[in-house]
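Visitor: Quick one, start.tsv (TSV, C-alpha atoms):
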chain	number	residue	atom	x	y	z
A	1	MET	CA	-16.10	14.21	-8.87
A	2	PHE	CA	-16.63	13.34	-12.52
A	3	VAL	CA	-13.05	14.25	-13.35
A	4	ARG	CA	-11.74	12.04	-10.56
A	5	LEU	CA	-13.90	9.15	-11.65
A	6	SER	CA	-12.73	9.46	-15.26
A	7	ALA	CA	-9.14	9.57	-14.12
A	8	ALA	CA	-9.73	6.44	-12.08
A	9	ILE	CA	-11.29	4.67	-15.02
A	10	ALA	CA	-8.47	5.78	-17.31
A	11	ALA	CA	-5.92	4.40	-14.86
A	12	VAL	CA	-7.74	1.13	-14.51
A	13	SER	CA	-8.13	0.82	-18.26
A	14	LEU	CA	-4.41	1.25	-18.60
A	15	LEU	CA	-3.89	-1.48	-16.04
A	16	SER	CA	-6.55	-3.92	-17.01
A	17	GLY	CA	-8.09	-3.03	-20.32
A	18	ALA	CA	-11.25	-1.57	-18.82
A	19	ALA	CA	-12.05	-4.83	-17.08
A	20	MET	CA	-13.20	-2.97	-14.03
A	21	ALA	CA	-15.09	-0.17	-15.71
A	22	GLN	CA	-18.45	-1.82	-15.15
A	23	SER	CA	-17.93	-2.07	-11.41
A	24	ALA	CA	-15.96	1.05	-10.60
A	25	LYS	CA	-15.61	0.32	-6.90
A	26	PRO	CA	-14.00	-3.01	-6.04
A	27	SER	CA	-14.75	-4.65	-2.69
A	28	ASP	CA	-12.08	-5.28	-0.04
A	29	PRO	CA	-11.75	-9.00	-0.90
A	30	GLN	CA	-11.32	-8.00	-4.57
A	31	ILE	CA	-8.79	-5.29	-3.72
A	32	ALA	CA	-6.79	-7.75	-1.63
A	33	HIS	CA	-6.76	-10.18	-4.56
A	34	ILE	CA	-5.70	-7.49	-7.05
A	35	ALA	CA	-2.86	-6.24	-4.83
A	36	TYR	CA	-1.63	-9.76	-4.13
A	37	THR	CA	-1.79	-10.67	-7.83
A	38	ALA	CA	0.12	-7.51	-8.75
A	39	GLY	CA	2.89	-8.62	-6.38
A	40	LEU	CA	2.97	-12.18	-7.74
A	41	ILE	CA	3.27	-10.87	-11.28
A	42	ASP	CA	6.31	-8.80	-10.42
A	43	ILE	CA	7.91	-11.76	-8.62
A	44	ALA	CA	7.37	-13.95	-11.70
A	45	ALA	CA	8.87	-11.28	-13.96
A	46	ALA	CA	11.88	-10.96	-11.65
A	47	LYS	CA	12.41	-14.72	-11.58
A	48	GLN	CA	12.39	-14.78	-15.36
A	49	ALA	CA	15.00	-12.00	-15.34
A	50	LEU	CA	17.15	-13.94	-12.86
A	51	ARG	CA	17.10	-16.93	-15.23
A	52	LYS	CA	17.95	-14.88	-18.30
A	53	THR	CA	20.12	-11.90	-17.42
A	54	SER	CA	23.86	-11.73	-17.00
A	55	ASN	CA	23.83	-8.02	-16.19
A	56	LYS	CA	24.85	-7.30	-12.59
A	57	ASP	CA	22.52	-4.29	-12.12
A	58	VAL	CA	19.52	-6.03	-13.64
A	59	ARG	CA	20.19	-9.08	-11.48
A	60	SER	CA	20.37	-7.09	-8.28
A	61	PHE	CA	17.24	-5.13	-9.22
A	62	ALA	CA	15.37	-8.38	-9.86
A	63	GLU	CA	16.58	-9.78	-6.52
A	64	ASP	CA	15.26	-6.63	-4.80
A	65	MET	CA	11.87	-7.12	-6.48
A	66	VAL	CA	11.57	-10.75	-5.36
A	67	ARG	CA	12.59	-9.88	-1.80
A	68	ASP	CA	10.30	-6.84	-1.42
A	69	HIS	CA	7.22	-8.28	-3.07
A	70	GLU	CA	7.50	-11.56	-1.17
A	71	ALA	CA	7.74	-9.59	2.08
A	72	VAL	CA	4.75	-7.40	1.19
A	73	ASN	CA	2.63	-10.32	0.00
A	74	LYS	CA	3.38	-12.14	3.24
A	75	GLN	CA	2.09	-9.09	5.12
A	76	ALA	CA	-0.99	-9.05	2.89
A	77	LEU	CA	-1.67	-12.73	3.59
A	78	ASP	CA	-1.24	-12.19	7.34
A	79	LEU	CA	-3.68	-9.30	7.16
A	80	VAL	CA	-6.41	-11.13	5.22
A	81	LYS	CA	-6.08	-14.02	7.66
A	82	LYS	CA	-6.40	-11.66	10.61
A	83	LEU	CA	-9.40	-9.90	9.07
A	84	ASN	CA	-10.89	-13.23	8.06
A	85	VAL	CA	-11.27	-12.07	4.49
A	86	THR	CA	-11.02	-14.45	1.55
A	87	PRO	CA	-9.38	-12.70	-1.41
A	88	GLU	CA	-11.80	-12.83	-4.30
A	89	ASP	CA	-10.74	-13.39	-7.88
A	90	ASN	CA	-12.16	-10.79	-10.24
A	91	ASP	CA	-11.91	-9.43	-13.77
A	92	THR	CA	-9.08	-7.04	-12.94
A	93	SER	CA	-6.96	-9.80	-11.39
A	94	LYS	CA	-7.71	-12.06	-14.35
A	95	THR	CA	-6.76	-9.39	-16.89
A	96	LEU	CA	-3.60	-8.57	-14.97
A	97	SER	CA	-2.53	-12.22	-14.95
A	98	LYS	CA	-3.39	-12.68	-18.62
A	99	ASN	CA	-1.40	-9.61	-19.68
A	100	ALA	CA	1.51	-10.66	-17.48
A	101	ALA	CA	1.63	-14.13	-19.02
A	102	ALA	CA	1.70	-12.55	-22.48
A	103	LYS	CA	4.55	-10.25	-21.39
A	104	ILE	CA	6.57	-13.18	-20.02
A	105	ALA	CA	6.13	-15.03	-23.32
A	106	GLU	CA	7.14	-11.93	-25.26
A	107	LEU	CA	10.26	-11.33	-23.15
A	108	ASP	CA	11.19	-14.99	-23.30
A	109	LYS	CA	12.00	-14.59	-27.00
A	110	LEU	CA	14.63	-11.96	-26.20
A	111	SER	CA	18.10	-12.42	-24.80
A	112	GLY	CA	21.15	-10.45	-23.72
A	113	ALA	CA	20.98	-6.66	-23.72
A	114	ALA	CA	17.66	-6.69	-25.62
A	115	PHE	CA	16.05	-8.73	-22.84
A	116	ASP	CA	17.56	-6.53	-20.10
A	117	LYS	CA	16.23	-3.36	-21.72
A	118	ALA	CA	12.78	-4.78	-22.35
A	119	TYR	CA	12.49	-6.20	-18.82
A	120	VAL	CA	13.51	-2.96	-17.13
A	121	ALA	CA	11.34	-0.83	-19.45
A	122	ASN	CA	8.38	-3.05	-18.59
A	123	GLU	CA	9.18	-2.75	-14.88
A	124	VAL	CA	8.99	1.04	-15.17
A	125	ALA	CA	5.68	0.89	-17.07
A	126	TYR	CA	4.20	-1.82	-14.84
A	127	HIS	CA	5.01	-0.03	-11.59
A	128	LYS	CA	3.61	3.22	-13.02
A	129	ALA	CA	0.35	1.50	-13.94
A	130	VAL	CA	0.03	-0.16	-10.53
A	131	ASP	CA	0.84	3.13	-8.74
A	132	SER	CA	-1.88	4.86	-10.65
A	133	ALA	CA	-4.43	2.10	-9.96
A	134	LEU	CA	-3.52	2.17	-6.26
A	135	GLU	CA	-3.83	5.95	-6.06
A	136	THR	CA	-6.99	6.44	-8.04
A	137	THR	CA	-8.98	3.27	-7.38
A	138	LEU	CA	-7.72	0.73	-4.89
A	139	ILE	CA	-6.79	2.98	-1.96
A	140	PRO	CA	-9.89	5.20	-2.21
A	141	SER	CA	-12.13	2.12	-2.51
A	142	ALA	CA	-10.69	0.19	0.44
A	143	ASN	CA	-13.05	0.15	3.42
A	144	ASN	CA	-10.92	-1.51	6.06
A	145	ALA	CA	-8.43	0.88	7.65
A	146	GLU	CA	-5.65	-1.71	7.94
A	147	LEU	CA	-6.07	-2.75	4.32
A	148	LYS	CA	-5.99	0.91	3.27
A	149	SER	CA	-2.83	1.50	5.27
A	150	LEU	CA	-1.11	-1.57	3.80
A	151	LEU	CA	-2.03	-0.34	0.31
A	152	GLN	CA	-0.63	3.11	1.15
A	153	THR	CA	2.67	1.54	2.20
A	154	GLY	CA	2.48	-0.61	-0.93
A	155	LEU	CA	2.13	2.54	-3.03
A	156	LYS	CA	5.32	4.00	-1.53
A	157	ILE	CA	7.14	0.72	-2.18
A	158	PHE	CA	5.94	0.61	-5.79
A	159	GLN	CA	6.89	4.27	-6.29
A	160	GLY	CA	10.34	3.44	-4.92
A	161	HIS	CA	10.64	0.51	-7.31
A	162	GLU	CA	9.57	2.70	-10.20
A	163	GLN	CA	12.38	5.17	-9.45
A	164	HIS	CA	14.82	2.31	-8.94
A	165	ALA	CA	13.77	0.80	-12.30
A	166	GLU	CA	14.18	4.19	-14.00
A	167	HIS	CA	17.67	4.42	-12.56
A	168	VAL	CA	18.57	0.94	-13.87
A	169	ALA	CA	17.03	1.82	-17.27
A	170	ALA	CA	19.24	4.91	-17.45
A	171	MET	CA	22.33	2.80	-16.72
A	172	LEU	CA	21.47	0.38	-19.53
A	173	LYS	CA	21.43	3.14	-22.15
B	1	MET	CA	23.31	9.06	38.19
B	2	GLN	CA	26.86	9.96	39.26
B	3	PRO	CA	28.69	6.81	38.06
B	4	ARG	CA	27.13	7.05	34.56
B	5	ARG	CA	28.54	10.53	34.11
B	6	ILE	CA	32.00	9.54	35.24
B	7	VAL	CA	32.43	6.63	32.83
B	8	PRO	CA	32.69	8.62	29.56
B	9	VAL	CA	35.21	10.99	31.14
B	10	VAL	CA	37.34	8.07	32.30
B	11	VAL	CA	37.12	6.46	28.87
B	12	ALA	CA	38.14	9.71	27.24
B	13	LEU	CA	41.12	10.04	29.57
B	14	VAL	CA	42.18	6.45	29.00
B	15	LEU	CA	42.05	6.97	25.25
B	16	GLY	CA	43.95	10.20	25.70
B	17	ALA	CA	41.23	11.69	23.60
B	18	SER	CA	40.99	15.36	23.01
B	19	VAL	CA	37.68	14.59	21.34
B	20	SER	CA	34.61	15.82	23.06
B	21	ALA	CA	33.36	13.37	25.65
B	22	GLN	CA	29.86	14.42	24.65
B	23	ALA	CA	29.64	12.27	21.51
B	24	ALA	CA	25.99	11.38	21.14
B	25	THR	CA	24.05	8.59	19.50
B	26	ILE	CA	21.26	9.86	17.34
B	27	GLU	CA	18.46	7.51	16.36
B	28	ILE	CA	16.72	7.84	13.01
B	29	SER	CA	13.86	5.51	12.19
B	30	MET	CA	12.78	4.06	8.88
B	31	GLU	CA	9.16	3.00	9.02
B	32	ASN	CA	6.64	2.59	6.22
B	33	LEU	CA	9.29	3.96	3.87
B	34	GLU	CA	9.58	7.23	5.78
B	35	ILE	CA	12.88	8.43	7.24
B	36	GLU	CA	12.14	10.17	10.53
B	37	PRO	CA	13.47	12.72	11.27
B	38	ALA	CA	14.36	13.49	7.69
B	39	GLU	CA	16.69	16.31	8.70
B	40	VAL	CA	19.22	15.74	11.43
B	41	SER	CA	22.05	17.89	12.76
B	42	ALA	CA	24.98	16.17	14.40
B	43	LYS	CA	28.68	16.62	15.17
B	44	VAL	CA	31.81	14.81	14.05
B	45	GLY	CA	32.23	11.89	16.46
B	46	ASP	CA	28.50	11.33	16.93
B	47	THR	CA	26.98	8.00	16.02
B	48	ILE	CA	23.93	7.72	13.81
B	49	GLU	CA	21.78	4.70	14.46
B	50	TRP	CA	19.22	3.93	11.76
B	51	VAL	CA	16.47	1.64	12.98
B	52	ASN	CA	14.68	-0.18	10.17
B	53	LYS	CA	11.17	-1.00	11.40
B	54	ASP	CA	9.98	-2.26	8.02
B	55	VAL	CA	9.80	-5.85	6.77
B	56	LEU	CA	11.82	-4.64	3.77
B	57	ALA	CA	15.57	-4.15	3.53
B	58	HIS	CA	16.68	-0.53	3.27
B	59	THR	CA	20.00	1.26	2.95
B	60	ALA	CA	21.29	4.63	4.08
B	61	THR	CA	23.44	5.63	1.12
B	62	ALA	CA	25.28	8.94	0.90
B	63	ARG	CA	24.84	10.66	-2.48
B	64	ASN	CA	28.49	11.76	-2.35
B	65	GLY	CA	29.60	8.12	-2.02
B	66	ASP	CA	31.08	8.54	1.48
B	67	TRP	CA	29.08	5.75	3.09
B	68	ASP	CA	26.53	3.03	2.40
B	69	VAL	CA	24.91	1.36	5.40
B	70	MET	CA	22.85	-1.83	4.85
B	71	LEU	CA	19.74	-2.07	6.99
B	72	PRO	CA	18.17	-5.53	6.90
B	73	PRO	CA	14.47	-5.83	7.84
B	74	LYS	CA	13.78	-5.15	11.54
B	75	GLU	CA	17.46	-4.44	12.24
B	76	PHE	CA	19.57	-1.37	12.81
B	77	GLY	CA	22.84	-0.07	11.44
B	78	THR	CA	25.24	2.51	12.78
B	79	LEU	CA	27.70	5.00	11.41
B	80	VAL	CA	30.26	7.10	13.29
B	81	LEU	CA	30.46	10.52	11.68
B	82	LYS	CA	34.00	11.38	10.64
B	83	LYS	CA	33.58	14.34	8.32
B	84	ALA	CA	31.84	17.68	8.65
B	85	GLY	CA	29.44	18.82	5.98
B	86	THR	CA	25.93	18.35	4.70
B	87	VAL	CA	25.24	14.93	3.23
B	88	GLU	CA	22.12	13.95	1.38
B	89	TYR	CA	21.33	10.27	1.59
B	90	TYR	CA	18.71	7.86	0.28
B	91	CYS	CA	17.72	4.20	0.15
B	92	ARG	CA	19.16	2.44	-2.90
B	93	PHE	CA	16.21	0.02	-3.02
B	94	HIS	CA	13.55	2.74	-2.62
B	95	PRO	CA	15.10	5.97	-3.93
B	96	ASN	CA	11.97	7.88	-2.89
B	97	MET	CA	13.26	7.61	0.70
B	98	LYS	CA	15.45	10.69	1.08
B	99	ALA	CA	16.95	12.59	4.01
B	100	THR	CA	19.71	15.00	5.00
B	101	LEU	CA	22.42	14.84	7.63
B	102	THR	CA	24.21	18.04	8.63
B	103	VAL	CA	27.47	17.36	10.42
B	104	ALA	CA	29.21	20.15	12.34
B	105	PRO	CA	32.98	19.93	12.99
Give the structure from the file, written as structure tokens.

Guide:
Amino acid sequence: MFVRLSAAIAAVSLLSGAAMAQSAKPSDPQIAHIAYTAGLIDIAAAKQALRKTSNKDVRSFAEDMVRDHEAVNKQALDLVKKLNVTPEDNDTSKTLSKNAAAKIAELDKLSGAAFDKAYVANEVAYHKAVDSALETTLIPSANNAELKSLLQTGLKIFQGHEQHAEHVAAMLK
Amino acid sequence: MQPRRIVPVVVALVLGASVSAQAATIEISMENLEIEPAEVSAKVGDTIEWVNKDVLAHTATARNGDWDVMLPPKEFGTLVLKKAGTVEYYCRFHPNMKATLTVAP
């Protein structure tokens, strides 16, 4: 039990700088907000890539990210509406958004192959961090069965994206 | 019952086909990023029909490069098997979706 809790905290720290360590178990409205925010962040990153890249593989990867995360976030919105849950902003969501804004600013200074590499490397790292937060904290903490099942599908999607990003990263080398 | 069995035979005769009149359509579903069944045995001439039940686009892409079938959300795609052999395939968008097709001559 202690080991699992530490692993969960380690994963969350990686994701959010220990923002959630005080309240280890987020509520369903908080989980919904975190998952939705995580999707929005990846869409924003992809849109930045679409503005900046001229690499065909990076472009098609970014298009896949926009398409998938918009589809999943639409499902998430439909679900919270159905469950009559209002997603609740929280420290983890705030930290995620803050870190993402910093990353966008950092990547904005790069161009060409340097941008492509940095974007794809960040996609690998970001999806890894979200996978680990989903596995160790968000899925186990979710109370509602439908929310849990959507998160479980989300985990498989994110794991797929992580592998896809790794594949694109390998092609850029 | 009777008329349905006669039609394929007639079609086969019309086409002058020596191919087996028993060509089957095999359905494979993609749902929640799972390919089900993940292992399928078929014969040359059979049709594979992948049904994408997800809201995400998937593909059925042969690792050996023989085929690449696009599967838009909530749609299906088909492939007529032309070559015998075992083919591993995956989804290009979600490479964790993997399956195997074994095609007998």

Visitor: Set out as JSON lines a contact list for chain B and chain A with a cut-off of 12 Å, giving each residue of chain B that qualifies its closest atom pair and distance in Å to one decimal, counting only C-alpha atoms, ordered by chain and rising residue number.

Guide:
{"residue": "B:Glu31", "atom": "CA", "partner": "A:Thr153", "partner_atom": "CA", "distance": 9.5}
{"residue": "B:Asn32", "atom": "CA", "partner": "A:Thr153", "partner_atom": "CA", "distance": 5.7}
{"residue": "B:Leu33", "atom": "CA", "partner": "A:Lys156", "partner_atom": "CA", "distance": 6.7}
{"residue": "B:Glu34", "atom": "CA", "partner": "A:Lys156", "partner_atom": "CA", "distance": 9.1}
{"residue": "B:Asp54", "atom": "CA", "partner": "A:Ala71", "partner_atom": "CA", "distance": 9.7}
{"residue": "B:Val55", "atom": "CA", "partner": "A:Ala71", "partner_atom": "CA", "distance": 6.3}
{"residue": "B:Leu56", "atom": "CA", "partner": "A:Asp68", "partner_atom": "CA", "distance": 5.8}
{"residue": "B:Ala57", "atom": "CA", "partner": "A:Asp68", "partner_atom": "CA", "distance": 7.7}
{"residue": "B:His58", "atom": "CA", "partner": "A:Asp68", "partner_atom": "CA", "distance": 10.1}
{"residue": "B:Pro72", "atom": "CA", "partner": "A:Arg67", "partner_atom": "CA", "distance": 11.2}
{"residue": "B:Pro73", "atom": "CA", "partner": "A:Ala71", "partner_atom": "CA", "distance": 9.6}
{"residue": "B:Tyr90", "atom": "CA", "partner": "A:Gly160", "partner_atom": "CA", "distance": 10.8}
{"residue": "B:Cys91", "atom": "CA", "partner": "A:Gly160", "partner_atom": "CA", "distance": 9.0}
{"residue": "B:Arg92", "atom": "CA", "partner": "A:His164", "partner_atom": "CA", "distance": 7.4}
{"residue": "B:Phe93", "atom": "CA", "partner": "A:His164", "partner_atom": "CA", "distance": 6.5}
{"residue": "B:His94", "atom": "CA", "partner": "A:Gly160", "partner_atom": "CA", "distance": 4.0}
{"residue": "B:Pro95", "atom": "CA", "partner": "A:Gly160", "partner_atom": "CA", "distance": 5.5}
{"residue": "B:Asn96", "atom": "CA", "partner": "A:Gly160", "partner_atom": "CA", "distance": 5.1}
{"residue": "B:Met97", "atom": "CA", "partner": "A:Gly160", "partner_atom": "CA", "distance": 7.6}
{"residue": "B:Lys98", "atom": "CA", "partner": "A:Gly160", "partner_atom": "CA", "distance": 10.7}

Visitor: Work out how far apart atom CA of Lys47 of chain A and atom CA of Glu146 of chain A are and give it in Å to one decimal.

Guide: 29.6 Å

Visitor: State, in Å with one decimal place, the distance from atom CA of Ala38 of chain A to atom CA of Thr86 of chain A.

Guide: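 Between atom CA of Ala38 of chain A and atom CA of Thr86 of chain A the gap is 16.7 Å.
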
Visitor: Give me the residues near Arg51 of chain A as a PDB file with C-alpha atoms, in the frame of the given file, where near means some atom within 12 Å (using all atoms listed in the file) and where sequence neighbours in that chain fewer than 4 positions away do not count.

Guide:
ATOM      1  CA  ALA A  44       7.370 -13.950 -11.700  1.00  0.00           C
ATOM      2  CA  ALA A  45       8.870 -11.280 -13.960  1.00  0.00           C
ATOM      3  CA  ALA A  46      11.880 -10.960 -11.650  1.00  0.00           C
ATOM      4  CA  LYS A  47      12.410 -14.720 -11.580  1.00  0.00           C
ATOM      5  CA  ASN A  55      23.830  -8.020 -16.190  1.00  0.00           C
ATOM      6  CA  VAL A  58      19.520  -6.030 -13.640  1.00  0.00           C
ATOM      7  CA  ARG A  59      20.190  -9.080 -11.480  1.00  0.00           C
ATOM      8  CA  ALA A  62      15.370  -8.380  -9.860  1.00  0.00           C
ATOM      9  CA  GLU A  63      16.580  -9.780  -6.520  1.00  0.00           C
ATOM     10  CA  LEU A 107      10.260 -11.330 -23.150  1.00  0.00           C
ATOM     11  CA  ASP A 108      11.190 -14.990 -23.300  1.00  0.00           C
ATOM     12  CA  SER A 111      18.100 -12.420 -24.800  1.00  0.00           C
ATOM     13  CA  GLY A 112      21.150 -10.450 -23.720  1.00  0.00           C
ATOM     14  CA  PHE A 115      16.050  -8.730 -22.840  1.00  0.00           C
ATOM     15  CA  ASP A 116      17.560  -6.530 -20.100  1.00  0.00           C
TER      16      ASP A 116
END

Visitor: Between atom CA of Leu155 of chain A and atom CA of Asp131 of chain A, measure the distance and give it in Å to one decimal.

Guide: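 So the two atoms, atom CA of Leu155 of chain A and atom CA of Asp131 of chain A, lie 5.9 Å apart.
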
Visitor: Ranking A:Ile34, A:Ile43, A:Ala113, A:Ala102 by minimum distance to Ala76 of chain A and counting all atoms listed in the file, which one comes first?

Guide: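 The answer is A:Ile34, which sits nearest to Ala76 of chain A.
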
Visitor: Between B:Thr47, B:Thr86, B:Asn52, B:Thr100, which residue has the minimum interatomic distance to Lys74 of chain B, considering only C-alpha atoms?

Guide: B:Asn52

Visitor: Return as AutoDock Vina command-line options the box centre and box size in Å, one decimal, for an axis-aligned box around all listed atoms of segment 58-76 of chain B padded by 6 Å per side.

Guide:
--center_x 22.4 --center_y 3.0 --center_z 5.2 --size_x 29.3 --size_y 29.6 --size_z 27.3
